[in-house]
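Below is my_file.txt, holding compact mmCIF, C-alpha atoms.
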```
# COMPACT_ATOMS: atom_id res chain seq x y z
CA MET E 1 18.25 137.41 153.95
CA VAL E 2 21.85 138.54 153.42
CA ALA E 3 23.17 135.17 154.59
CA LEU E 4 20.85 133.32 152.23
CA ASN E 5 21.82 135.49 149.28
CA VAL E 6 25.52 135.00 150.05
CA LEU E 7 24.88 131.26 149.82
CA GLN E 8 23.04 131.78 146.54
CA THR E 9 25.94 133.84 145.22
CA ILE E 10 28.41 131.10 146.10
CA ASN E 11 26.12 128.58 144.44
CA ALA E 12 25.90 130.64 141.25
CA LEU E 13 29.67 131.06 141.11
CA LEU E 14 30.27 127.34 141.61
CA ASP E 15 27.64 126.57 138.98
CA VAL E 16 29.50 128.74 136.48
CA GLY E 17 32.79 127.22 137.62
CA PHE E 18 31.53 123.71 136.90
CA VAL E 19 30.28 124.65 133.43
CA GLY E 20 33.45 126.67 132.81
CA HIS E 21 35.40 123.41 132.90
CA LEU E 22 33.32 121.92 130.06
CA ASN E 23 33.88 122.45 126.33
CA GLN E 24 33.41 125.75 124.48
CA GLU E 25 30.03 124.67 123.06
CA SER E 26 28.66 124.08 126.56
CA LEU E 27 29.86 127.47 127.78
CA THR E 28 28.39 129.20 124.71
CA ALA E 29 25.04 127.43 125.19
CA TYR E 30 25.07 128.29 128.88
CA GLY E 31 25.64 131.97 128.13
CA ALA E 32 22.97 131.98 125.42
CA ALA E 33 20.45 130.38 127.81
CA THR E 34 20.92 133.19 130.33
CA PRO E 35 18.10 135.50 129.10
CA VAL E 36 15.71 132.54 128.77
CA ASN E 37 16.51 131.37 132.30
CA PHE E 38 16.10 134.88 133.64
CA THR E 39 12.77 135.35 131.82
CA LEU E 40 11.25 132.12 133.10
CA PHE E 41 12.64 132.59 136.60
CA THR E 42 11.38 136.18 136.71
CA LEU E 43 7.88 135.10 135.70
CA ALA E 44 8.01 132.34 138.31
CA ILE E 45 8.98 134.65 141.17
CA SER E 46 6.57 137.45 140.18
CA ILE E 47 3.89 135.57 142.13
CA ALA E 48 6.10 136.04 145.20
CA VAL E 49 5.93 139.83 144.82
CA GLY E 50 2.16 139.83 145.23
CA THR E 51 2.39 137.21 147.98
CA THR E 52 4.71 139.33 150.11
CA ALA E 53 2.51 142.41 149.71
CA LEU E 54 -0.71 140.58 150.67
CA VAL E 55 0.69 138.47 153.50
CA SER E 56 2.77 141.24 155.10
CA ARG E 57 -0.06 143.80 154.96
CA ALA E 58 -2.51 141.36 156.62
CA PHE E 59 0.12 140.29 159.15
CA GLY E 60 0.84 143.89 160.11
CA ALA E 61 -2.89 144.48 160.55
CA GLN E 62 -3.12 141.28 162.70
CA GLN E 63 -5.64 139.70 160.29
CA VAL E 64 -4.70 136.06 160.87
CA GLU E 65 -7.18 134.32 158.59
CA GLU E 66 -6.43 136.83 155.85
CA PHE E 67 -2.68 136.17 155.67
CA ARG E 68 -3.18 132.39 155.96
CA MET E 69 -5.60 132.33 153.04
CA ALA E 70 -3.33 134.64 151.03
CA ALA E 71 -0.48 132.16 151.42
CA LYS E 72 -2.62 129.15 150.47
CA GLN E 73 -4.07 130.82 147.42
CA ALA E 74 -0.62 132.01 146.31
CA VAL E 75 0.83 128.48 146.49
CA SER E 76 -2.08 126.96 144.56
CA ILE E 77 -2.08 129.65 141.88
CA GLY E 78 1.71 129.59 141.71
CA LEU E 79 1.87 125.85 141.17
CA LEU E 80 -0.43 126.14 138.15
CA VAL E 81 1.65 129.02 136.80
CA GLY E 82 4.83 126.97 137.23
CA VAL E 83 3.43 124.06 135.24
CA ALA E 84 2.39 126.43 132.44
CA LEU E 85 5.86 128.01 132.35
CA GLY E 86 7.51 124.60 132.24
CA LEU E 87 5.43 123.56 129.25
CA LEU E 88 6.21 126.86 127.52
CA ALA E 89 9.94 126.33 128.06
CA MET E 90 9.80 122.86 126.50
CA VAL E 91 8.05 124.20 123.41
CA LEU E 92 10.49 127.07 122.89
CA THR E 93 13.82 125.27 123.37
CA ARG E 94 14.67 124.76 119.68
CA PRO E 95 13.12 127.96 118.22
CA LEU E 96 15.12 130.15 120.63
CA ALA E 97 18.48 128.59 119.83
CA GLY E 98 18.89 130.35 116.47
CA PRO E 99 18.52 134.01 117.53
CA LEU E 100 20.31 133.66 120.87
CA LEU E 101 23.39 131.69 119.83
CA PRO E 102 26.23 133.52 118.03
CA ASP E 103 26.64 133.07 114.29
CA GLY E 104 28.54 129.89 113.48
CA ALA E 105 27.75 128.24 116.83
CA SER E 106 25.54 125.48 115.45
CA ALA E 107 27.44 122.87 117.47
CA ALA E 108 26.06 124.48 120.66
CA VAL E 109 22.39 124.03 119.63
CA PRO E 110 21.87 120.54 121.15
CA TYR E 111 23.55 121.64 124.38
CA PHE E 112 21.25 124.68 124.53
CA ALA E 113 18.09 122.68 123.81
CA ASN E 114 18.81 119.82 126.24
CA TYR E 115 19.71 122.23 129.03
CA LEU E 116 16.48 124.24 128.71
CA PHE E 117 14.32 121.14 128.36
CA VAL E 118 15.51 119.73 131.69
CA PHE E 119 15.47 123.19 133.29
CA ALA E 120 11.74 123.42 132.47
CA PHE E 121 10.94 120.69 135.01
CA SER E 122 12.33 122.85 137.82
CA LEU E 123 9.89 125.75 137.28
CA PRO E 124 6.84 124.46 139.24
CA ALA E 125 9.13 123.76 142.20
CA THR E 126 10.67 127.21 141.86
CA VAL E 127 7.27 128.91 142.10
CA VAL E 128 6.33 126.90 145.20
CA ILE E 129 9.65 127.76 146.86
CA GLN E 130 9.37 131.46 146.07
CA THR E 131 5.74 131.85 147.19
CA LEU E 132 6.34 130.04 150.49
CA ALA E 133 9.57 131.95 151.14
CA ALA E 134 7.67 135.18 150.41
CA SER E 135 4.87 134.12 152.78
CA LEU E 136 7.35 133.37 155.56
CA ARG E 137 9.09 136.72 155.02
CA GLY E 138 5.69 138.39 155.13
CA ILE E 139 5.16 137.13 158.70
CA GLY E 140 8.70 138.12 159.68
CA ASP E 141 10.43 134.74 159.36
CA THR E 142 13.62 134.95 157.30
CA LYS E 143 15.60 132.31 159.21
CA SER E 144 13.57 129.33 158.01
CA PRO E 145 13.96 130.17 154.29
CA MET E 146 17.68 130.60 154.92
CA ALA E 147 17.91 127.11 156.46
CA ILE E 148 15.76 125.29 153.88
CA SER E 149 17.24 127.05 150.86
CA GLY E 150 20.71 126.65 152.37
CA ILE E 151 20.21 122.88 152.43
CA GLN E 152 18.96 123.07 148.84
CA ILE E 153 22.11 124.92 147.77
CA VAL E 154 24.43 122.39 149.39
CA LEU E 155 22.49 119.58 147.75
CA HIS E 156 22.60 121.37 144.41
CA ILE E 157 26.40 121.70 144.62
CA CYS E 158 26.83 118.01 145.44
CA LEU E 159 24.49 116.95 142.62
CA ASN E 160 26.40 119.17 140.20
CA PHE E 161 29.54 117.14 140.92
CA ILE E 162 27.69 113.89 140.39
CA PHE E 163 25.60 114.78 137.33
CA ILE E 164 28.01 117.01 135.36
CA PHE E 165 31.32 115.15 135.61
CA PRO E 166 32.19 111.48 134.99
CA GLN E 167 33.29 109.09 137.70
CA HIS E 168 36.61 109.97 139.38
CA ASN E 169 39.06 107.62 141.09
CA LEU E 170 40.34 109.17 144.30
CA PRO E 171 43.51 108.30 146.26
CA GLY E 172 43.15 105.29 148.52
CA GLY E 173 40.94 103.39 146.11
CA MET E 174 37.88 105.59 146.72
CA VAL E 175 35.57 106.36 143.82
CA LEU E 176 33.59 109.58 143.37
CA PRO E 177 30.42 108.68 141.44
CA GLY E 178 29.55 110.63 138.31
CA PHE E 179 27.23 110.39 135.34
CA GLY E 180 29.15 112.71 132.98
CA LEU E 181 26.02 114.45 131.67
CA GLY E 182 27.81 117.77 131.13
CA LEU E 183 25.63 120.86 130.76
CA THR E 184 22.43 118.79 130.93
CA GLY E 185 23.59 117.50 134.31
CA SER E 186 23.71 121.09 135.57
CA ALA E 187 20.00 121.52 134.77
CA LEU E 188 19.18 118.14 136.29
CA ALA E 189 20.95 119.04 139.54
CA LEU E 190 18.91 122.24 139.75
CA THR E 191 15.64 120.39 139.09
CA VAL E 192 16.18 117.61 141.63
CA SER E 193 17.39 119.93 144.40
CA GLY E 194 14.52 122.33 143.66
CA TRP E 195 11.80 119.72 144.06
CA LEU E 196 13.29 118.40 147.30
CA ALA E 197 13.43 121.97 148.64
CA ALA E 198 9.80 122.59 147.62
CA ILE E 199 8.74 119.53 149.59
CA GLY E 200 10.74 120.79 152.55
CA TYR E 201 9.07 124.21 152.41
CA LEU E 202 5.61 122.66 152.26
CA ALA E 203 6.32 120.37 155.21
CA TYR E 204 7.82 123.11 157.38
CA SER E 205 5.27 125.85 156.62
CA GLY E 206 2.51 123.77 158.20
CA LYS E 207 4.26 124.21 161.56
CA THR E 208 4.29 128.01 161.32
CA PRO E 209 1.47 130.56 161.76
CA LEU E 210 0.70 129.93 158.08
CA THR E 211 -0.64 126.50 159.17
CA GLU E 212 -1.67 123.92 156.52
CA VAL E 213 -0.45 125.82 153.50
CA TRP E 214 0.52 122.51 151.88
CA LYS E 215 -3.14 121.69 151.28
CA PHE E 216 -4.04 122.60 147.72
CA VAL E 217 -7.06 124.92 147.68
CA ARG E 218 -9.15 125.78 144.66
CA PRO E 219 -8.08 129.21 143.40
CA THR E 220 -10.90 131.75 143.60
CA TRP E 221 -11.39 134.71 141.32
CA HIS E 222 -11.27 137.13 144.26
CA TRP E 223 -7.80 136.03 145.34
CA PHE E 224 -6.57 135.52 141.81
CA ALA E 225 -7.54 139.12 140.94
CA ARG E 226 -5.90 140.54 144.08
CA LEU E 227 -2.71 138.59 143.51
CA MET E 228 -2.52 139.36 139.80
CA ARG E 229 -3.20 143.07 140.32
CA ILE E 230 0.17 143.22 142.06
CA SER E 231 2.01 140.36 140.36
CA LEU E 232 1.18 141.06 136.71
CA PRO E 233 2.94 144.46 136.56
CA ALA E 234 5.87 142.82 138.37
CA ALA E 235 5.84 139.98 135.83
CA LEU E 236 5.66 142.44 132.94
CA MET E 237 8.50 144.44 134.46
CA GLY E 238 10.56 141.28 134.78
CA MET E 239 9.78 140.24 131.21
CA LEU E 240 10.70 143.65 129.84
CA ARG E 241 13.90 143.56 131.87
CA VAL E 242 14.90 140.16 130.58
CA LEU E 243 13.71 140.75 127.01
CA SER E 244 15.82 143.89 126.92
CA PHE E 245 18.70 141.75 128.11
CA GLY E 246 17.92 139.23 125.36
CA LEU E 247 17.94 142.01 122.74
CA PHE E 248 21.16 143.28 124.31
CA GLN E 249 22.60 139.80 123.75
CA VAL E 250 21.34 139.64 120.16
CA ILE E 251 23.08 142.96 119.45
CA LEU E 252 26.27 141.49 120.87
CA THR E 253 26.02 138.37 118.72
CA LYS E 254 26.05 140.59 115.61
CA SER E 255 29.27 142.32 116.67
CA ALA E 256 32.72 141.19 115.60
CA GLU E 257 33.53 140.07 119.15
CA GLY E 258 30.21 138.27 119.71
CA ALA E 259 31.75 134.80 119.89
CA ILE E 260 33.79 135.95 122.90
CA ALA E 261 31.29 138.37 124.50
CA VAL E 262 28.38 135.92 124.76
CA PRO E 263 30.34 133.23 126.67
CA ALA E 264 31.73 135.99 128.92
CA MET E 265 28.30 137.22 130.04
CA ARG E 266 27.18 134.25 132.15
CA PRO E 267 30.32 134.09 134.33
CA GLY E 268 30.44 137.89 134.37
CA PHE E 269 26.92 138.23 135.75
CA ALA E 270 27.50 135.37 138.19
CA ILE E 271 30.50 137.24 139.59
CA GLU E 272 28.51 140.49 139.56
CA SER E 273 26.08 138.81 141.93
CA ILE E 274 28.79 139.20 144.59
CA MET E 275 28.07 142.91 144.42
CA PHE E 276 24.29 142.94 144.06
CA MET E 277 23.12 139.98 146.17
CA PRO E 278 23.30 141.87 149.50
CA PRO E 279 21.09 144.75 148.23
CA PHE E 280 18.84 142.12 146.63
CA ALA E 281 18.42 140.67 150.12
CA MET E 282 17.79 144.16 151.50
CA SER E 283 15.12 144.59 148.83
CA ALA E 284 13.23 141.48 149.95
CA ALA E 285 13.51 142.47 153.62
CA ALA E 286 12.37 146.02 152.86
CA ALA E 287 9.36 144.70 150.94
CA ALA E 288 8.17 142.69 153.94
CA LEU E 289 8.80 145.48 156.45
CA VAL E 290 7.14 148.15 154.31
CA GLY E 291 4.07 145.95 153.87
CA GLN E 292 3.85 145.22 157.59
CA SER E 293 4.26 148.91 158.45
CA LEU E 294 1.46 149.95 156.12
CA GLY E 295 -0.72 147.23 157.68
CA MET E 296 0.00 148.88 161.04
CA LYS E 297 -1.12 152.23 159.53
CA ARG E 298 2.46 153.53 159.93
CA PRO E 299 3.56 154.97 156.56
CA ASP E 300 6.28 156.97 158.33
CA ARG E 301 7.81 153.73 159.62
CA ALA E 302 7.57 152.21 156.13
CA GLU E 303 9.42 155.14 154.55
CA HIS E 304 12.13 155.16 157.21
CA LEU E 305 12.79 151.43 156.83
CA GLY E 306 12.90 151.79 153.03
CA TRP E 307 15.61 154.45 153.20
CA VAL E 308 17.61 152.52 155.80
CA ALA E 309 17.58 149.43 153.60
CA GLY E 310 18.52 151.46 150.52
CA HIS E 311 21.51 153.16 152.16
CA MET E 312 22.73 149.92 153.73
CA GLY E 313 22.50 148.14 150.37
CA ALA E 314 24.45 150.92 148.67
CA ILE E 315 27.23 150.93 151.28
CA ILE E 316 27.66 147.16 151.12
CA THR E 317 27.72 147.26 147.32
CA VAL E 318 30.49 149.85 147.24
CA CYS E 319 32.57 147.80 149.67
CA LEU E 320 32.18 144.71 147.49
CA SER E 321 32.63 146.49 144.15
CA ILE E 322 36.13 147.74 144.96
CA PRO E 323 37.82 144.30 145.25
CA VAL E 324 35.84 143.00 142.24
CA PHE E 325 37.14 145.91 140.17
CA ILE E 326 40.73 145.36 141.30
CA PHE E 327 40.85 141.57 141.01
CA ALA E 328 38.43 141.05 138.10
CA PRO E 329 40.92 139.12 135.88
CA GLN E 330 41.96 136.83 138.72
CA ILE E 331 38.36 136.08 139.76
CA ALA E 332 37.30 135.39 136.17
CA GLY E 333 40.34 133.16 135.66
CA VAL E 334 39.30 130.93 138.54
CA LEU E 335 35.90 130.23 137.00
CA ILE E 336 36.95 129.89 133.36
CA GLU E 337 39.67 127.43 132.45
CA GLY E 338 41.71 127.44 129.24
CA LYS E 339 39.86 130.33 127.57
CA PRO E 340 42.04 133.47 128.04
CA GLU E 341 40.01 135.63 125.64
CA VAL E 342 36.77 134.90 127.51
CA VAL E 343 38.53 135.61 130.82
CA ALA E 344 39.75 139.00 129.55
CA GLU E 345 36.30 139.98 128.24
CA THR E 346 34.63 138.89 131.49
CA ALA E 347 37.07 141.05 133.45
CA ARG E 348 36.31 144.09 131.26
CA LEU E 349 32.58 143.62 131.78
CA LEU E 350 33.04 143.35 135.54
CA ARG E 351 35.07 146.53 135.78
CA PHE E 352 32.45 148.56 133.94
CA LEU E 353 29.68 147.16 136.16
CA ALA E 354 31.64 147.69 139.39
CA VAL E 355 31.87 151.44 138.74
CA THR E 356 28.07 151.91 138.58
CA GLU E 357 26.78 149.01 140.68
CA ILE E 358 25.70 151.45 143.41
CA GLY E 359 22.94 152.69 141.07
CA PHE E 360 21.69 149.15 140.58
CA ALA E 361 21.77 148.63 144.36
CA TYR E 362 19.53 151.62 145.04
CA ALA E 363 17.20 150.56 142.22
CA MET E 364 16.75 147.06 143.64
CA VAL E 365 16.03 148.19 147.18
CA MET E 366 13.75 151.14 146.41
CA LEU E 367 11.79 149.18 143.80
CA GLY E 368 11.48 146.27 146.24
CA ALA E 369 10.19 148.59 148.96
CA MET E 370 7.52 149.99 146.62
CA GLN E 371 6.52 146.49 145.54
CA GLY E 372 6.16 145.51 149.20
CA ALA E 373 3.57 148.27 149.45
CA GLY E 374 1.75 146.71 146.50
CA ASP E 375 2.88 149.42 144.06
CA THR E 376 4.22 147.57 141.04
CA VAL E 377 3.15 150.08 138.38
CA ARG E 378 5.77 152.76 139.07
CA PRO E 379 8.61 150.18 139.09
CA LEU E 380 7.26 148.97 135.74
CA TRP E 381 7.54 152.42 134.18
CA ILE E 382 11.02 152.94 135.58
CA THR E 383 12.04 149.71 133.87
CA VAL E 384 10.49 150.79 130.57
CA VAL E 385 12.29 154.14 130.58
CA SER E 386 15.70 152.98 131.77
CA LEU E 387 15.99 149.75 129.78
CA TRP E 388 13.88 150.15 126.65
CA GLY E 389 14.08 153.91 126.39
CA ALA E 390 17.81 154.07 127.13
CA ARG E 391 19.73 150.77 127.28
CA VAL E 392 18.58 149.05 124.09
CA PRO E 393 19.04 151.97 121.65
CA LEU E 394 22.20 153.12 123.41
CA THR E 395 23.69 149.63 123.15
CA TRP E 396 23.07 149.46 119.41
CA LEU E 397 24.49 152.93 118.94
CA LEU E 398 27.64 152.31 120.97
CA VAL E 399 28.26 148.81 119.62
CA HIS E 400 27.66 149.41 115.91
CA GLY E 401 27.98 153.18 115.57
CA TRP E 402 25.91 156.02 114.14
CA ALA E 403 26.23 154.80 110.55
CA SER E 404 24.37 151.57 111.40
CA MET E 405 21.21 153.46 112.36
CA PRO E 406 19.13 154.40 109.26
CA ILE E 407 17.45 157.35 110.98
CA PHE E 408 20.79 159.18 111.01
CA GLY E 409 21.18 158.97 107.22
CA PRO E 410 24.67 159.82 106.00
CA MET E 411 26.15 160.54 109.42
CA ILE E 412 29.44 158.74 109.92
CA GLY E 413 30.42 157.05 113.17
CA THR E 414 32.29 154.03 114.39
CA GLY E 415 30.99 151.77 117.13
CA PHE E 416 33.01 150.62 120.11
CA GLY E 417 32.10 146.92 119.86
CA THR E 418 31.63 145.09 123.14
CA THR E 419 33.09 148.04 125.05
CA GLY E 420 30.12 150.09 123.89
CA ALA E 421 27.73 147.45 125.22
CA TRP E 422 29.35 147.44 128.64
CA ILE E 423 29.25 151.27 128.72
CA ALA E 424 25.53 151.28 127.88
CA MET E 425 24.76 148.75 130.61
CA SER E 426 26.74 150.66 133.23
CA PHE E 427 25.18 154.03 132.38
CA THR E 428 21.63 152.69 132.54
CA GLN E 429 22.33 151.16 135.96
CA LEU E 430 22.89 154.68 137.26
CA LEU E 431 19.81 155.95 135.43
CA GLN E 432 17.60 153.25 136.93
CA GLY E 433 18.93 153.98 140.41
CA GLY E 434 18.24 157.70 140.10
CA LEU E 435 14.69 157.18 138.84
CA SER E 436 13.96 154.68 141.64
CA ILE E 437 15.13 157.10 144.32
CA MET E 438 12.95 159.86 142.87
CA ALA E 439 9.85 157.63 142.72
CA PHE E 440 10.30 156.39 146.29
CA LYS E 441 10.84 159.93 147.56
CA GLN E 442 7.56 161.09 145.98
CA GLY E 443 5.76 158.70 148.35
CA LYS E 444 2.72 157.86 146.19
CA TRP E 445 3.29 154.16 146.99
CA LYS E 446 2.02 154.82 150.55
CA THR E 447 -1.59 155.04 149.33
CA THR E 448 -1.60 151.82 147.28
CA LYS E 449 -4.54 149.50 147.99
CA VAL E 450 -4.02 145.73 148.05
```

Can you present the structure in this file as structure tokens?
Amino acid sequence: MVALNVLQTINALLDVGFVGHLNQESLTAYGAATPVNFTLFTLAISIAVGTTALVSRAFGAQQVEEFRMAAKQAVSIGLLVGVALGLLAMVLTRPLAGPLLPDGASAAVPYFANYLFVFAFSLPATVVIQTLAASLRGIGDTKSPMAISGIQIVLHICLNFIFIFPQHNLPGGMVLPGFGLGLTGSALALTVSGWLAAIGYLAYSGKTPLTEVWKFVRPTWHWFARLMRISLPAALMGMLRVLSFGLFQVILTKSAEGAIAVPAMRPGFAIESIMFMPPFAMSAAAAALVGQSLGMKRPDRAEHLGWVAGHMGAIITVCLSIPVFIFAPQIAGVLIEGKPEVVAETARLLRFLAVTEIGFAYAMVMLGAMQGAGDTVRPLWITVVSLWGARVPLTWLLVHGWASMPIFGPMIGTGFGTTGAWIAMSFTQLLQGGLSIMAFKQGKWKTTKV
């Protein structure tokens, strides 16, 4: 899991690096599309949360037919969900451009719309990939997803070169093919590599204990209800997380530095993934192991593995956060070419995040462990409190100041601009981590029925 997420981190950084060499309009559109991408991707992978819980619990209890049917139903239901999400993305491309793009960035609208339209075609493949990877993790196989997704990442990188940039003449008379599609080519590379990976997952899974998972089965209400009971709170949690991020971005666009801050977010969060991808991997592993342990009727084993994963994720995050903090300007400069103001803002964002990334690490792992047990309600409430109860109002307050909030009447205060936004994000990372640790320690997730 860690190896796969390292590959995904490298892929995300290269993706940003490719787009960072395009014009300012492309980079602005790419940054503005971030909350939309995250929302759709989060909804797509929410099916995987329920899949892991059902498959791992049945696998731990040695109920073979149960975990096989859980995987088949998840793939069939997930494929339908992916198609619906793709259609939704196509419908919303133009309406979302206005509120998400900074004021005066009308030239970025066609880049934004074309990117999201092509990205929409990747969503059914994404759901298939995530549900099958979750099923394989549920039966203890993390090496196969690493291999298949690793091939997908390499293919994605190669297709980025071909689709984004025009043809290049190399020394010795060699020619590197290229279509010069710019930002749209980035979405096309993701879509093509995603569908090839989905086919690979379907073909391979039939050779595992999951058997013929590639055969589409008619979704039944029984399995749909079981899957949605776990996945819907996870989907709602993901939506609230991303919508809060979208509102965070809207607040930034209304600030004086919005034209610089919005383009800085996408490369900033891509670089941040260096710090949080290892605990993200620990979260997925913990989810599978906690589910298996509860299937074995060993809640003590489940709790122990959850804490081990949490502490390991935190230690790794601290080790990675230190060099990111020190070399933030240099790292940002590699990914963003010819835009010194964006580089400087990206570096400031990274340094604020690096200080509190340990809180985010604990939050990811402990929430993942509880979701593996089938408990997605407590993680939902933690998200509501930390993001909507704290991050959104705190961001507005710190960006625009006391005087901008009508409820404070004549009180005078000056906002801190983008610095206030980065402070709010960092503080709420710590808050989310603390709440997640408390919820996991209470242990109510051990009695969750799936």

**Study point:** For CA of Gly98 (chain E) and CA of Ala259 (chain E), the interatomic separation in Å (one decimal)
**Key:**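 CA of Ala259 (chain E) lies 14.0 Å from CA of Gly98 (chain E).
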
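Residue nearest Ala113 (chain E), chosen from E:Asp375, E:Ala288, E:Ser26, E:Arg68 and counting only C-alpha atoms: E:Ser26.
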
Exercise for review: For Ala105 (chain E), list every protein, DNA or RNA residue within 8 Å, evaluated using only C-alpha atoms, and leave out those in the same chain fewer than 4 positions away; present the list as number ranges by chain.
Suggested key: E: 25, 28, 101, 109

Exercise for review: Choose the residue, out of E:Gly333, E:Gly82, E:Gly359, E:Pro99, that has the smallest atom-to-atom separation from Gly17 (chain E); count all atoms listed in the file.
Suggested key: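 Smallest distance to Gly17 (chain E) is found for E:Gly333.
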
What box, with edges along x, y and z, holds each listed atom of region 437-445 of chain E when 6 Å is added on every side, and can you state its centre and edge lengths in Å to one decimal, as lines of an AutoDock Vina configuration file?
```
center_x = 8.9
center_y = 157.6
center_z = 145.5
size_x = 24.4
size_y = 18.9
size_z = 17.6
```

Exercise for review: In the coordinates of the file, take the point (12.6, 155.9, 137.3) and a cut-off of 6 Å; then, counting only C-alpha atoms, name each qualifying protein, DNA or RNA residue as a PyMOL selection string.
Suggested key: chain E and resi 382+432+435-436

Check your understanding: Between E:Val83, E:Met438, E:Leu305, E:Val2, which one has atoms that come closest to Met275 (chain E), using all atoms listed in the file?
Key -> E:Val2

Would you kindly return, as a PDB file with C-alpha atoms, in the coordinates of the input, each protein, DNA or RNA residue with an atom no farther than 10 Å from any atom of Pro323 (chain E), considering only C-alpha atoms and excluding same-chain residues fewer than 5 positions away?
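To be explicit, this is the file written out as selection09.pdb:
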```pdb
ATOM      1  CA  MET E 275      28.070 142.910 144.420  1.00  0.00           C
ATOM      2  CA  VAL E 318      30.490 149.850 147.240  1.00  0.00           C
ATOM      3  CA  ALA E 328      38.430 141.050 138.100  1.00  0.00           C
ATOM      4  CA  ILE E 331      38.360 136.080 139.760  1.00  0.00           C
ATOM      5  CA  ALA E 354      31.640 147.690 139.390  1.00  0.00           C
TER       6      ALA E 354
END
```

Review point. Hey, can you check how far CA of Gly104 (chain E) sits from CA of Gly258 (chain E)?
Key: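 According to the coordinates, CA of Gly104 (chain E) and CA of Gly258 (chain E) are separated by 10.6 Å.
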
Point to revise | Nearest candidate to Ser193 (chain E) (options E:Ile336, E:Cys158, E:Ala344, E:Leu320; using all atoms listed in the file) | key: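 Looking at the shortest contact to Ser193 (chain E), the residue is E:Cys158.
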
**Study point:** Two-atom distance - CA of Arg226 (chain E), CA of Met239 (chain E) (Å)
**Key:**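 Distance between the two atoms: 20.3 Å.
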
Between region 58-105 of chain E and region 132-137 of chain E, at 10 Å or less, what are the per-residue closest atom pairs and their distances in Å? Count all atoms listed in the file, order by chain and rising residue number, and return it as JSON lines.
```
{"residue": "E:Phe67", "atom": "CA", "partner": "E:Ser135", "partner_atom": "CA", "distance": 8.3}
{"residue": "E:Arg68", "atom": "CA", "partner": "E:Ser135", "partner_atom": "CA", "distance": 8.8}
{"residue": "E:Ala70", "atom": "CA", "partner": "E:Ser135", "partner_atom": "CA", "distance": 8.4}
{"residue": "E:Ala71", "atom": "CA", "partner": "E:Ser135", "partner_atom": "CA", "distance": 5.9}
{"residue": "E:Lys72", "atom": "CA", "partner": "E:Leu132", "partner_atom": "CA", "distance": 9.0}
{"residue": "E:Ala74", "atom": "CA", "partner": "E:Leu132", "partner_atom": "CA", "distance": 8.4}
{"residue": "E:Val75", "atom": "CA", "partner": "E:Leu132", "partner_atom": "CA", "distance": 7.0}
{"residue": "E:Gly78", "atom": "CA", "partner": "E:Leu132", "partner_atom": "CA", "distance": 9.9}
```

Exercise for review: Go through E:Ala147, E:Thr383, E:Leu353, E:Gly368 and flag the residue nearest Ala424 (chain E), using all atoms listed in the file for the distances.
Suggested key: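 Nearest to Ala424 (chain E): E:Leu353.
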
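Shortest separation to Gly268 (chain E) among E:Val450, E:Ala234, E:Ile358, E:Ala347 occurs at residue E:Ala347, atoms counted being all atoms listed in the file.
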
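Near (15.8, 136.0, 126.5), the residues inside the 6 Å limit, counting only C-alpha atoms, come to E:Pro35, E:Val36, E:Val242, E:Leu243, E:Gly246.
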